[in-house]
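Novice: My structure file input-v5.cif, mmCIF, C-alpha atoms and all ligand atoms, is below:
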```cif
data_my_file
loop_
_atom_site.label_atom_id
_atom_site.label_comp_id
_atom_site.auth_asym_id
_atom_site.auth_seq_id
_atom_site.Cartn_x
_atom_site.Cartn_y
_atom_site.Cartn_z
CA MET Q 1 -3.14 -2.29 -38.77
CA GLY Q 2 -3.52 -0.57 -35.40
CA LYS Q 3 -1.27 2.27 -34.37
CA THR Q 4 2.04 1.85 -32.58
CA ALA Q 5 2.69 3.78 -29.38
CA PHE Q 6 5.98 4.06 -27.53
CA ILE Q 7 5.77 4.87 -23.80
CA THR Q 8 8.83 5.97 -21.83
CA GLY Q 9 8.53 5.17 -18.12
CA ILE Q 10 6.41 2.08 -18.82
CA ALA Q 11 7.24 0.67 -15.37
CA GLY Q 12 5.71 3.64 -13.55
CA GLN Q 13 2.14 4.33 -12.46
CA ASP Q 14 1.01 6.27 -15.54
CA GLY Q 15 2.94 3.96 -17.88
CA ALA Q 16 0.90 1.00 -16.65
CA TYR Q 17 -2.48 2.77 -16.93
CA LEU Q 18 -1.65 4.18 -20.36
CA ALA Q 19 -0.42 0.81 -21.66
CA LYS Q 20 -3.70 -0.78 -20.57
CA LEU Q 21 -5.75 1.99 -22.19
CA LEU Q 22 -3.88 1.79 -25.51
CA LEU Q 23 -3.90 -2.02 -25.63
CA ASP Q 24 -7.67 -1.93 -25.13
CA LYS Q 25 -7.87 0.46 -28.09
CA GLY Q 26 -5.96 -2.01 -30.30
CA TYR Q 27 -2.56 -0.32 -30.25
CA ARG Q 28 0.76 -2.10 -30.46
CA VAL Q 29 2.36 -0.87 -27.22
CA ILE Q 30 6.13 -0.70 -26.79
CA GLY Q 31 7.40 0.46 -23.44
CA GLY Q 32 10.84 1.72 -22.48
CA ALA Q 33 12.21 0.62 -19.11
CA ARG Q 34 15.61 1.22 -17.52
CA ARG Q 35 17.96 -1.68 -17.54
CA SER Q 36 18.85 -2.68 -13.99
CA SER Q 37 19.05 -5.87 -11.97
CA HIS Q 38 15.35 -6.31 -12.57
CA ILE Q 39 12.64 -4.42 -14.43
CA VAL Q 40 9.64 -3.36 -12.36
CA THR Q 41 6.64 -5.13 -13.88
CA TRP Q 42 4.15 -5.49 -11.01
CA ARG Q 43 2.07 -2.50 -12.07
CA LEU Q 44 1.61 -3.74 -15.64
CA GLU Q 45 0.86 -7.16 -14.23
CA GLU Q 46 -1.69 -5.86 -11.74
CA LEU Q 47 -3.52 -3.94 -14.50
CA GLY Q 48 -3.43 -6.91 -16.90
CA ALA Q 49 -1.17 -5.19 -19.44
CA LEU Q 50 2.11 -7.08 -19.01
CA ALA Q 51 1.58 -9.94 -21.46
CA ASP Q 52 0.82 -7.69 -24.45
CA THR Q 53 3.28 -4.88 -23.82
CA GLU Q 54 6.67 -5.17 -25.54
CA ILE Q 55 9.33 -3.93 -23.17
CA VAL Q 56 12.63 -2.61 -24.49
CA ASP Q 57 15.67 -1.15 -22.71
CA LEU Q 58 15.57 2.61 -22.50
CA GLU Q 59 17.84 4.94 -20.57
CA LEU Q 60 16.68 8.52 -20.99
CA GLY Q 61 20.22 9.76 -20.36
CA GLU Q 62 21.51 8.00 -23.51
CA MET Q 63 21.04 9.91 -26.75
CA LEU Q 64 21.91 7.04 -29.06
CA ASN Q 65 19.67 4.61 -27.19
CA ILE Q 66 16.77 7.00 -27.81
CA TYR Q 67 17.78 7.62 -31.41
CA ARG Q 68 17.97 3.91 -32.27
CA ILE Q 69 14.54 3.28 -30.73
CA LEU Q 70 12.90 6.06 -32.78
CA GLU Q 71 14.66 4.88 -35.94
CA LYS Q 72 13.66 1.26 -35.41
CA TYR Q 73 10.03 1.56 -34.26
CA GLN Q 74 8.91 4.80 -35.97
CA PRO Q 75 5.95 4.96 -33.56
CA ASP Q 76 2.78 6.84 -34.47
CA GLU Q 77 2.72 8.25 -30.93
CA LEU Q 78 5.34 8.71 -28.23
CA TYR Q 79 4.33 9.40 -24.63
CA ASN Q 80 7.25 10.68 -22.54
CA LEU Q 81 6.29 9.59 -19.03
CA GLY Q 82 9.76 8.57 -17.84
CA ALA Q 83 11.21 10.90 -15.21
CA GLN Q 84 12.84 11.24 -11.84
CA SER Q 85 9.37 12.13 -10.59
CA PHE Q 86 9.90 12.41 -6.83
CA VAL Q 87 10.02 16.11 -5.92
CA ALA Q 88 11.79 15.52 -2.58
CA ALA Q 89 14.61 13.55 -4.29
CA SER Q 90 15.18 16.36 -6.76
CA PHE Q 91 16.60 18.56 -3.96
CA GLU Q 92 19.28 15.91 -3.30
CA GLN Q 93 19.87 15.06 -6.98
CA PRO Q 94 19.28 18.29 -8.92
CA LEU Q 95 21.73 17.53 -11.73
CA TYR Q 96 20.47 14.01 -12.37
CA THR Q 97 16.91 15.33 -12.27
CA ALA Q 98 17.81 18.01 -14.83
CA ASP Q 99 19.41 15.42 -17.11
CA ILE Q 100 16.42 13.05 -17.09
CA ASP Q 101 13.49 15.46 -16.71
CA ALA Q 102 14.81 18.33 -18.83
CA MET Q 103 17.62 17.31 -21.21
CA ALA Q 104 16.01 13.99 -22.12
CA VAL Q 105 13.05 15.88 -23.55
CA THR Q 106 15.40 17.53 -26.04
CA ARG Q 107 17.00 14.16 -26.78
CA LEU Q 108 13.58 12.72 -27.63
CA LEU Q 109 12.48 15.74 -29.66
CA GLU Q 110 15.76 15.82 -31.61
CA ALA Q 111 15.43 12.12 -32.40
CA ILE Q 112 11.83 12.62 -33.55
CA ARG Q 113 12.79 15.60 -35.69
CA THR Q 114 15.67 13.70 -37.27
CA VAL Q 115 14.40 10.17 -37.89
CA SER Q 116 10.65 10.02 -37.13
CA PRO Q 117 9.00 13.41 -37.71
CA GLN Q 118 5.54 11.88 -38.17
CA THR Q 119 5.57 10.71 -34.52
CA ARG Q 120 3.10 12.60 -32.32
CA TYR Q 121 4.65 13.50 -28.95
CA TYR Q 122 3.14 13.85 -25.47
CA GLN Q 123 5.16 15.55 -22.71
CA ALA Q 124 4.34 14.82 -19.06
CA SER Q 125 4.38 18.34 -17.68
CA THR Q 126 3.20 19.09 -14.18
CA SER Q 127 1.38 21.41 -11.80
CA GLU Q 128 4.70 21.59 -9.89
CA MET Q 129 5.63 24.21 -12.51
CA PHE Q 130 3.12 26.54 -10.78
CA GLY Q 131 4.95 25.99 -7.48
CA LYS Q 132 4.65 29.13 -5.37
CA VAL Q 133 1.42 29.96 -7.14
CA VAL Q 134 0.84 33.45 -8.44
CA GLU Q 135 -2.90 32.93 -8.89
CA THR Q 136 -5.53 30.50 -7.65
CA PRO Q 137 -6.88 28.38 -9.25
CA GLN Q 138 -4.30 27.64 -11.96
CA THR Q 139 -5.02 27.44 -15.70
CA GLU Q 140 -2.91 27.14 -18.87
CA ASN Q 141 -2.40 30.93 -18.65
CA THR Q 142 -1.14 31.09 -15.06
CA PRO Q 143 2.50 32.23 -14.90
CA PHE Q 144 4.94 29.56 -13.67
CA TYR Q 145 6.98 29.76 -10.44
CA PRO Q 146 8.63 26.36 -9.88
CA ARG Q 147 9.82 25.65 -6.33
CA SER Q 148 12.01 22.55 -6.75
CA PRO Q 149 14.75 21.31 -9.09
CA TYR Q 150 12.08 18.91 -10.38
CA GLY Q 151 9.70 21.78 -11.19
CA VAL Q 152 12.46 23.78 -12.88
CA ALA Q 153 13.56 20.80 -14.99
CA LYS Q 154 9.98 20.05 -16.03
CA LEU Q 155 9.48 23.67 -17.03
CA TYR Q 156 12.40 23.37 -19.44
CA GLY Q 157 10.82 20.22 -20.95
CA HIS Q 158 7.49 22.02 -21.23
CA TRP Q 159 8.95 24.95 -23.16
CA MET Q 160 11.04 22.66 -25.40
CA THR Q 161 7.85 20.80 -26.31
CA ILE Q 162 6.24 24.09 -27.31
CA ASN Q 163 9.37 25.22 -29.13
CA TYR Q 164 9.63 22.10 -31.31
CA ARG Q 165 5.96 22.51 -32.20
CA GLU Q 166 6.46 26.12 -33.25
CA ALA Q 167 9.91 25.79 -34.83
CA TYR Q 168 9.50 22.53 -36.77
CA GLY Q 169 5.74 22.01 -36.99
CA LEU Q 170 5.92 18.76 -35.01
CA HIS Q 171 2.78 17.42 -33.32
CA THR Q 172 3.96 17.93 -29.72
CA SER Q 173 1.53 18.42 -26.83
CA SER Q 174 2.13 19.07 -23.18
CA GLY Q 175 -0.20 17.96 -20.41
CA ILE Q 176 0.05 20.09 -17.27
CA LEU Q 177 -1.22 17.41 -14.95
CA PHE Q 178 -2.15 17.95 -11.34
CA ASN Q 179 -1.42 15.14 -8.87
CA HIS Q 180 -2.97 11.85 -9.84
CA GLU Q 181 -2.87 8.73 -7.77
CA SER Q 182 -4.03 5.11 -7.79
CA PRO Q 183 -3.53 1.79 -6.05
CA VAL Q 184 -0.28 1.39 -8.07
CA ARG Q 185 1.19 4.76 -7.02
CA GLY Q 186 4.80 4.60 -5.76
CA GLU Q 187 5.02 4.12 -1.99
CA ASN Q 188 7.09 7.28 -1.45
CA PHE Q 189 4.31 9.61 -2.57
CA VAL Q 190 2.25 10.83 0.34
CA THR Q 191 -1.12 9.32 -0.67
CA ARG Q 192 0.11 5.76 -1.09
CA LYS Q 193 2.35 6.10 1.97
CA ILE Q 194 -0.77 6.95 4.00
CA SER Q 195 -3.02 4.22 2.56
CA LEU Q 196 -0.30 1.57 2.96
CA HIS Q 197 1.06 2.56 6.36
CA LEU Q 198 -2.35 3.03 8.00
CA SER Q 199 -3.43 -0.38 6.64
CA GLN Q 200 -0.28 -1.91 8.13
CA ILE Q 201 -0.91 -0.17 11.47
CA LYS Q 202 -4.48 -1.46 11.60
CA HIS Q 203 -3.25 -5.02 11.09
CA GLY Q 204 -0.40 -4.79 13.61
CA MET Q 205 2.40 -4.73 11.05
CA ARG Q 206 3.64 -1.21 11.76
CA ASP Q 207 3.54 1.11 14.79
CA VAL Q 208 3.75 4.62 13.40
CA LEU Q 209 3.24 6.61 10.18
CA GLU Q 210 5.83 9.41 9.90
CA LEU Q 211 5.03 12.43 7.77
CA GLY Q 212 6.16 16.00 7.02
CA ASN Q 213 3.89 18.96 6.23
CA LEU Q 214 0.28 17.95 6.93
CA ASP Q 215 -1.19 21.23 5.73
CA ALA Q 216 -0.11 21.12 2.08
CA ARG Q 217 -3.09 20.96 -0.25
CA ARG Q 218 -3.24 19.15 -3.56
CA ASP Q 219 -5.73 18.66 -6.37
CA TRP Q 220 -5.74 14.86 -6.40
CA GLY Q 221 -7.33 12.88 -9.23
CA PHE Q 222 -7.29 9.27 -10.40
CA ALA Q 223 -4.46 8.22 -12.77
CA GLY Q 224 -6.83 6.11 -14.88
CA ASP Q 225 -8.77 9.26 -15.81
CA TYR Q 226 -5.61 11.25 -16.55
CA VAL Q 227 -4.10 8.82 -19.08
CA GLU Q 228 -7.34 9.11 -21.06
CA GLY Q 229 -6.70 12.87 -21.18
CA MET Q 230 -3.14 12.29 -22.44
CA TRP Q 231 -4.45 10.12 -25.26
CA ARG Q 232 -7.08 12.70 -26.21
CA MET Q 233 -4.42 15.42 -26.46
CA VAL Q 234 -2.43 13.30 -28.90
CA GLN Q 235 -5.51 12.55 -31.03
CA ALA Q 236 -6.44 16.25 -31.37
CA GLU Q 237 -5.90 17.65 -34.86
CA LYS Q 238 -3.74 20.46 -33.48
CA PRO Q 239 -1.12 19.96 -30.76
CA ASP Q 240 -1.57 22.17 -27.70
CA ASP Q 241 -1.09 22.43 -23.92
CA TYR Q 242 -3.79 21.43 -21.46
CA VAL Q 243 -4.32 21.39 -17.71
CA LEU Q 244 -5.85 18.18 -16.31
CA ALA Q 245 -7.22 18.60 -12.79
CA THR Q 246 -10.32 17.90 -10.70
CA GLY Q 247 -10.87 21.49 -9.51
CA GLU Q 248 -10.91 20.39 -5.82
CA ALA Q 249 -8.05 20.63 -3.35
CA HIS Q 250 -7.62 18.73 -0.08
CA SER Q 251 -4.98 18.70 2.64
CA ILE Q 252 -2.78 15.76 3.66
CA ARG Q 253 -4.74 15.83 6.95
CA GLU Q 254 -8.00 15.25 5.03
CA PHE Q 255 -6.42 12.40 3.08
CA ILE Q 256 -5.51 10.80 6.41
CA LYS Q 257 -9.01 11.34 7.82
CA TYR Q 258 -10.75 9.61 4.91
CA THR Q 259 -8.19 6.79 4.77
CA ALA Q 260 -8.77 6.14 8.48
CA GLN Q 261 -12.54 6.18 7.90
CA ALA Q 262 -12.21 3.63 5.09
CA LEU Q 263 -10.31 1.42 7.54
CA GLY Q 264 -12.91 1.86 10.29
CA MET Q 265 -10.46 3.94 12.35
CA ALA Q 266 -10.62 7.48 13.77
CA ILE Q 267 -7.68 9.82 14.46
CA GLU Q 268 -7.54 12.54 17.10
CA TRP Q 269 -4.90 15.26 16.60
CA ARG Q 270 -2.93 16.73 19.51
CA GLY Q 271 -0.09 19.26 19.64
CA LYS Q 272 1.24 21.68 17.04
CA GLY Q 273 3.93 21.91 14.35
CA PRO Q 274 6.66 19.26 14.58
CA ASP Q 275 5.17 18.07 17.91
CA GLU Q 276 1.78 17.27 16.47
CA ILE Q 277 0.67 13.65 16.85
CA GLY Q 278 -2.24 11.59 15.62
CA ILE Q 279 -3.84 9.22 18.13
CA ASP Q 280 -5.88 6.14 17.29
CA VAL Q 281 -9.13 6.84 19.14
CA LYS Q 282 -9.83 3.12 19.74
CA THR Q 283 -6.43 2.12 21.14
CA ASN Q 284 -5.28 5.52 22.43
CA LYS Q 285 -1.88 4.86 20.82
CA THR Q 286 0.14 7.45 18.91
CA ILE Q 287 0.11 6.25 15.32
CA ILE Q 288 1.10 9.42 13.41
CA GLN Q 289 4.15 11.56 14.11
CA ILE Q 290 5.93 14.39 12.34
CA ASN Q 291 9.48 13.73 11.19
CA PRO Q 292 11.08 16.99 9.98
CA LYS Q 293 13.20 14.97 7.53
CA TYR Q 294 10.08 14.94 5.34
CA TYR Q 295 9.88 18.75 5.24
CA ARG Q 296 11.13 20.16 1.92
CA PRO Q 297 13.66 22.99 1.55
CA ALA Q 298 10.98 24.88 -0.42
CA GLU Q 299 7.38 23.72 -0.23
CA VAL Q 300 4.46 23.97 -2.65
CA GLU Q 301 1.58 24.71 -0.30
CA HIS Q 302 -1.54 24.75 -2.41
CA LEU Q 303 -2.34 23.55 -5.92
CA ILE Q 304 -5.77 23.56 -7.52
CA GLY Q 305 -6.40 23.45 -11.26
CA VAL Q 306 -9.08 24.32 -13.79
CA ALA Q 307 -9.45 21.80 -16.62
CA GLU Q 308 -11.99 23.85 -18.56
CA LYS Q 309 -9.92 23.89 -21.79
CA ALA Q 310 -9.57 20.08 -21.75
CA ARG Q 311 -13.31 19.75 -21.15
CA GLU Q 312 -14.20 22.11 -23.99
CA LYS Q 313 -11.66 21.01 -26.61
CA LEU Q 314 -11.12 17.36 -25.73
CA GLY Q 315 -14.37 16.45 -23.98
CA TRP Q 316 -12.30 15.33 -20.97
CA THR Q 317 -13.66 15.27 -17.42
CA PRO Q 318 -12.46 13.26 -14.42
CA SER Q 319 -14.76 10.41 -13.37
CA THR Q 320 -13.45 9.71 -9.87
CA ASN Q 321 -13.84 12.07 -6.92
CA PHE Q 322 -11.56 12.50 -3.92
CA ARG Q 323 -13.48 10.22 -1.55
CA GLU Q 324 -13.69 7.46 -4.18
CA LEU Q 325 -9.96 7.75 -4.87
CA VAL Q 326 -9.03 7.48 -1.19
CA GLU Q 327 -11.32 4.48 -0.75
CA MET Q 328 -9.99 2.75 -3.87
CA MET Q 329 -6.38 3.11 -2.67
CA THR Q 330 -7.16 2.09 0.90
CA ILE Q 331 -9.17 -1.00 -0.06
CA ALA Q 332 -6.34 -2.14 -2.36
CA ASP Q 333 -3.66 -1.63 0.29
CA GLU Q 334 -5.63 -3.25 3.09
CA ARG Q 335 -6.18 -6.29 0.87
CA ARG Q 336 -2.46 -6.47 0.07
CA VAL Q 337 -1.60 -6.24 3.77
CA VAL Q 338 -4.10 -8.96 4.72
CA GLU Q 339 -2.88 -11.19 1.89
CA ASN Q 340 0.73 -10.38 2.77
CA ARG Q 341 1.49 -9.23 -0.75
CA VAL Q 342 4.27 -6.70 -1.39
CA CYS Q 343 3.49 -4.19 -4.14
CA GLY Q 344 6.12 -1.52 -4.29
P1 LIG K 401 6.62 7.18 -11.82
O1 LIG K 401 5.68 6.16 -11.28
O2 LIG K 401 7.74 7.65 -10.98
O3 LIG K 401 7.20 6.62 -13.20
C1 LIG K 401 8.30 7.19 -13.83
C2 LIG K 401 9.04 6.13 -14.60
O4 LIG K 401 10.18 6.74 -15.21
C3 LIG K 401 9.56 4.98 -13.72
O5 LIG K 401 9.12 3.76 -14.25
C4 LIG K 401 11.07 5.11 -13.83
O6 LIG K 401 11.74 3.89 -13.90
C5 LIG K 401 11.24 5.81 -15.18
N1 LIG K 401 12.56 6.46 -15.24
C6 LIG K 401 13.16 7.19 -14.27
N2 LIG K 401 14.39 7.56 -14.66
C7 LIG K 401 14.59 7.02 -15.89
C8 LIG K 401 15.68 7.02 -16.78
N3 LIG K 401 16.82 7.63 -16.49
N4 LIG K 401 15.55 6.36 -17.96
C9 LIG K 401 14.39 5.70 -18.26
N5 LIG K 401 13.31 5.66 -17.43
C10 LIG K 401 13.42 6.31 -16.26
O7 LIG K 401 5.81 8.48 -12.27
P2 LIG K 401 4.27 8.62 -12.71
O8 LIG K 401 3.49 9.04 -11.51
O9 LIG K 401 3.86 7.45 -13.51
O10 LIG K 401 4.35 9.92 -13.64
C11 LIG K 401 4.59 9.81 -15.03
C12 LIG K 401 5.13 11.12 -15.56
O11 LIG K 401 4.19 12.16 -15.29
C13 LIG K 401 6.43 11.57 -14.92
O12 LIG K 401 7.17 12.24 -15.91
C14 LIG K 401 6.00 12.56 -13.86
O13 LIG K 401 7.03 13.48 -13.60
C15 LIG K 401 4.81 13.20 -14.53
N6 LIG K 401 3.75 13.71 -13.66
C16 LIG K 401 3.20 12.88 -12.73
C17 LIG K 401 2.16 13.36 -11.95
C18 LIG K 401 1.50 12.50 -10.92
O14 LIG K 401 0.82 13.06 -10.05
N7 LIG K 401 1.64 11.18 -10.99
C19 LIG K 401 1.67 14.67 -12.15
C20 LIG K 401 2.25 15.46 -13.14
C21 LIG K 401 3.28 14.96 -13.91
P3 LIG K 401 11.96 2.91 -12.63
O15 LIG K 401 10.67 2.16 -12.51
O16 LIG K 401 13.12 2.09 -13.05
O17 LIG K 401 12.23 3.81 -11.47
N1 LIG K 402 6.17 12.26 -0.28
C1 LIG K 402 5.81 12.75 0.91
N2 LIG K 402 6.11 12.05 2.04
N3 LIG K 402 5.16 13.94 0.95
C2 LIG K 402 4.78 14.40 2.15
C3 LIG K 402 5.05 13.72 3.34
C4 LIG K 402 5.76 12.50 3.28
O1 LIG K 402 6.04 11.84 4.27
N4 LIG K 402 4.52 14.45 4.36
C5 LIG K 402 3.96 15.52 3.83
N5 LIG K 402 4.11 15.51 2.49
C6 LIG K 402 3.66 16.57 1.56
C7 LIG K 402 4.75 17.11 0.66
O2 LIG K 402 5.56 18.06 1.38
C8 LIG K 402 3.91 17.74 -0.44
O3 LIG K 402 3.48 19.03 -0.07
C9 LIG K 402 2.68 16.83 -0.51
O4 LIG K 402 2.71 16.01 0.66
C10 LIG K 402 2.61 15.92 -1.73
O5 LIG K 402 3.85 15.24 -1.84
P1 LIG K 402 4.04 14.02 -2.88
O6 LIG K 402 2.98 13.01 -2.69
O7 LIG K 402 5.45 13.59 -2.80
O8 LIG K 402 3.70 14.69 -4.30
P2 LIG K 402 4.16 16.07 -4.96
O9 LIG K 402 2.96 16.95 -5.00
O10 LIG K 402 5.38 16.61 -4.33
O11 LIG K 402 4.57 15.62 -6.42
C11 LIG K 402 3.72 14.75 -7.19
O12 LIG K 402 2.80 15.53 -7.93
C12 LIG K 402 3.39 16.38 -8.93
C13 LIG K 402 2.24 17.13 -9.60
O13 LIG K 402 1.90 18.25 -8.85
C14 LIG K 402 4.60 13.91 -8.08
O14 LIG K 402 3.83 12.91 -8.69
C15 LIG K 402 5.25 14.74 -9.17
O15 LIG K 402 5.95 13.87 -10.08
C16 LIG K 402 4.14 15.50 -9.90
O16 LIG K 402 4.70 16.29 -10.94
#
```
Any chance you could put this one into structure tokens?
Specialist:
Amino acid sequence: MGKTAFITGIAGQDGAYLAKLLLDKGYRVIGGARRSSHIVTWRLEELGALADTEIVDLELGEMLNIYRILEKYQPDELYNLGAQSFVAASFEQPLYTADIDAMAVTRLLEAIRTVSPQTRYYQASTSEMFGKVVETPQTENTPFYPRSPYGVAKLYGHWMTINYREAYGLHTSSGILFNHESPVRGENFVTRKISLHLSQIKHGMRDVLELGNLDARRDWGFAGDYVEGMWRMVQAEKPDDYVLATGEAHSIREFIKYTAQALGMAIEWRGKGPDEIGIDVKTNKTIIQINPKYYRPAEVEHLIGVAEKAREKLGWTPSTNFRELVEMMTIADERRVVENRVCG
């Protein structure tokens, strides 16, 4: 019999890639999704993982819901990917974010400890915990300085994961993952917003792409590579914490440049600060503007990680570089726009 894995946040980007990876490895995959008017399944469908994934109702705010799931399925592995994962939203909804991104980790760990202690646990920690970075590049030993309610909540979950490992001997690992993207990334995140909106502009379905801080830099990798790293952490004999990153950082401006290139467009920048605009060189129209509503109350300016420990101990390295990632996302979005398909 193959192993059973339970994935929280199955409807999200990483949930879909991880489900596909585990199904291909022969796992029974059970995914938790929030009950609402409809469950988001397009990502699993697009990756060919929908038919074989068992989806059950899971609300991370509900202790007994979590408890019953652990008691019933007794999974070999649990990947906690469910979260309010949008940093900008966490400034407007700090308490909800704390409940789902911080307290729910304790709910899951308590349920594991009580009714399913053999379950190996993966916690989706984040480079946002480095926030206003105190050293560059960041490793597992870099001190944390979160800059958003999201980052603070995730830091709590990170330390709880370590604490349950040390206090109760549970197999709990935490992946400190730098930004990872894909064609099934949520449309609110800046990469997918750029690949989708510029594709729409090229095909006359939108006039302008509105953005916030163009100078922020991120270490962007491909989600498909990162779920492989999650799985490797859970297979390791000893639970531990690992950074997954590409070791390269790029600005939002560079992401725009390469997206435009993939679409056969070129952008010329004029002006400064909130008055900066991006002009389509072919049509001479303004197609990018700054809207200060996308500025954050506290910004994370520059993240870049070192995944040396994951390479050494888990044999993990990313397979997709920045240019390939941008092209992959842009090709997928342009095709959706041309075929008039909505994926978001
Ligand atoms: P995502 O696409 O936003 O997926 C998160 C999933 O969590 C969504 O399907 C969402 O459900 C679900 N969820 C939200 N609130 C919930 C609740 N109260 N109860 C149950 N489920 C709930 O995020 P992702 O990019 O796949 O990221 C996966 C995890 O890794 C997240 O924990 C994120 O914080 C973390 N992370 C991501 C990155 C990255 O760059 N992608 C980097 C570091 C860490 P709905 O579909 O119903 O909204
Ligand atoms: N979303 C968004 N929308 N971001 C913008 C925009 C915009 O219009 N304009 C500029 N940005 C800047 C943000 O200010 C930020 O500096 C950067 O683009 C990246 O923003 P997001 O794509 O929203 O990602 P994030 O880095 O804040 O958070 C993602 O990565 C974290 C790992 O570091 C999320 O996936 C988190 O869940 C994850 O933990």
Novice: If you count only C-alpha atoms and all ligand atoms, which residues end up within 6 Å of ligand LIG 401 (chain K), as number ranges by chain?
Specialist: Q: 9-15, 33-34, 40, 58-61, 81-85, 100, 124-126, 177-180, 186
Novice: Mind writing the picked residues with C-alpha atoms as a PDB file, in the frame of the given file?
Specialist:
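Saved the output as part.pdb:
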```
ATOM      1  CA  GLY Q   9       8.530   5.170 -18.120  1.00  0.00           C
ATOM      2  CA  ILE Q  10       6.410   2.080 -18.820  1.00  0.00           C
ATOM      3  CA  ALA Q  11       7.240   0.670 -15.370  1.00  0.00           C
ATOM      4  CA  GLY Q  12       5.710   3.640 -13.550  1.00  0.00           C
ATOM      5  CA  GLN Q  13       2.140   4.330 -12.460  1.00  0.00           C
ATOM      6  CA  ASP Q  14       1.010   6.270 -15.540  1.00  0.00           C
ATOM      7  CA  GLY Q  15       2.940   3.960 -17.880  1.00  0.00           C
ATOM      8  CA  ALA Q  33      12.210   0.620 -19.110  1.00  0.00           C
ATOM      9  CA  ARG Q  34      15.610   1.220 -17.520  1.00  0.00           C
ATOM     10  CA  VAL Q  40       9.640  -3.360 -12.360  1.00  0.00           C
ATOM     11  CA  LEU Q  58      15.570   2.610 -22.500  1.00  0.00           C
ATOM     12  CA  GLU Q  59      17.840   4.940 -20.570  1.00  0.00           C
ATOM     13  CA  LEU Q  60      16.680   8.520 -20.990  1.00  0.00           C
ATOM     14  CA  GLY Q  61      20.220   9.760 -20.360  1.00  0.00           C
ATOM     15  CA  LEU Q  81       6.290   9.590 -19.030  1.00  0.00           C
ATOM     16  CA  GLY Q  82       9.760   8.570 -17.840  1.00  0.00           C
ATOM     17  CA  ALA Q  83      11.210  10.900 -15.210  1.00  0.00           C
ATOM     18  CA  GLN Q  84      12.840  11.240 -11.840  1.00  0.00           C
ATOM     19  CA  SER Q  85       9.370  12.130 -10.590  1.00  0.00           C
ATOM     20  CA  ILE Q 100      16.420  13.050 -17.090  1.00  0.00           C
ATOM     21  CA  ALA Q 124       4.340  14.820 -19.060  1.00  0.00           C
ATOM     22  CA  SER Q 125       4.380  18.340 -17.680  1.00  0.00           C
ATOM     23  CA  THR Q 126       3.200  19.090 -14.180  1.00  0.00           C
ATOM     24  CA  LEU Q 177      -1.220  17.410 -14.950  1.00  0.00           C
ATOM     25  CA  PHE Q 178      -2.150  17.950 -11.340  1.00  0.00           C
ATOM     26  CA  ASN Q 179      -1.420  15.140  -8.870  1.00  0.00           C
ATOM     27  CA  HIS Q 180      -2.970  11.850  -9.840  1.00  0.00           C
ATOM     28  CA  GLY Q 186       4.800   4.600  -5.760  1.00  0.00           C
TER      29      GLY Q 186
END
```
Novice: Residues within 10 Å of Phe86 of chain Q, please, as a ChimeraX atom specification. Count all atoms listed in the file; anything in the same chain fewer than 4 positions from it doesn't count.
Specialist: /Q:90-91,97,150,186,188-189
Novice: Can you find the residues with an atom no farther than 10 Å from (13.5, 18.1, -7.8), counting only C-alpha atoms, and report them as an MDAnalysis selection string?
Specialist: chainID Q and resid 84:98 101 128 146:154
Novice: Write out the residues from the selection above, keeping C-alpha atoms, as a PDB file, keeping the file's coordinate frame.
Specialist:
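Okay, this is what ended up in out.pdb:
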```
ATOM      1  CA  GLN Q  84      12.840  11.240 -11.840  1.00  0.00           C
ATOM      2  CA  SER Q  85       9.370  12.130 -10.590  1.00  0.00           C
ATOM      3  CA  PHE Q  86       9.900  12.410  -6.830  1.00  0.00           C
ATOM      4  CA  VAL Q  87      10.020  16.110  -5.920  1.00  0.00           C
ATOM      5  CA  ALA Q  88      11.790  15.520  -2.580  1.00  0.00           C
ATOM      6  CA  ALA Q  89      14.610  13.550  -4.290  1.00  0.00           C
ATOM      7  CA  SER Q  90      15.180  16.360  -6.760  1.00  0.00           C
ATOM      8  CA  PHE Q  91      16.600  18.560  -3.960  1.00  0.00           C
ATOM      9  CA  GLU Q  92      19.280  15.910  -3.300  1.00  0.00           C
ATOM     10  CA  GLN Q  93      19.870  15.060  -6.980  1.00  0.00           C
ATOM     11  CA  PRO Q  94      19.280  18.290  -8.920  1.00  0.00           C
ATOM     12  CA  LEU Q  95      21.730  17.530 -11.730  1.00  0.00           C
ATOM     13  CA  TYR Q  96      20.470  14.010 -12.370  1.00  0.00           C
ATOM     14  CA  THR Q  97      16.910  15.330 -12.270  1.00  0.00           C
ATOM     15  CA  ALA Q  98      17.810  18.010 -14.830  1.00  0.00           C
ATOM     16  CA  ASP Q 101      13.490  15.460 -16.710  1.00  0.00           C
ATOM     17  CA  GLU Q 128       4.700  21.590  -9.890  1.00  0.00           C
ATOM     18  CA  PRO Q 146       8.630  26.360  -9.880  1.00  0.00           C
ATOM     19  CA  ARG Q 147       9.820  25.650  -6.330  1.00  0.00           C
ATOM     20  CA  SER Q 148      12.010  22.550  -6.750  1.00  0.00           C
ATOM     21  CA  PRO Q 149      14.750  21.310  -9.090  1.00  0.00           C
ATOM     22  CA  TYR Q 150      12.080  18.910 -10.380  1.00  0.00           C
ATOM     23  CA  GLY Q 151       9.700  21.780 -11.190  1.00  0.00           C
ATOM     24  CA  VAL Q 152      12.460  23.780 -12.880  1.00  0.00           C
ATOM     25  CA  ALA Q 153      13.560  20.800 -14.990  1.00  0.00           C
ATOM     26  CA  LYS Q 154       9.980  20.050 -16.030  1.00  0.00           C
TER      27      LYS Q 154
END
```
Novice: Tell me, as a count of residues only, which residues lie within 12 Å of Leu263 of chain Q, counting only C-alpha atoms; anything in the same chain fewer than 4 positions away does not count.
Specialist: 26
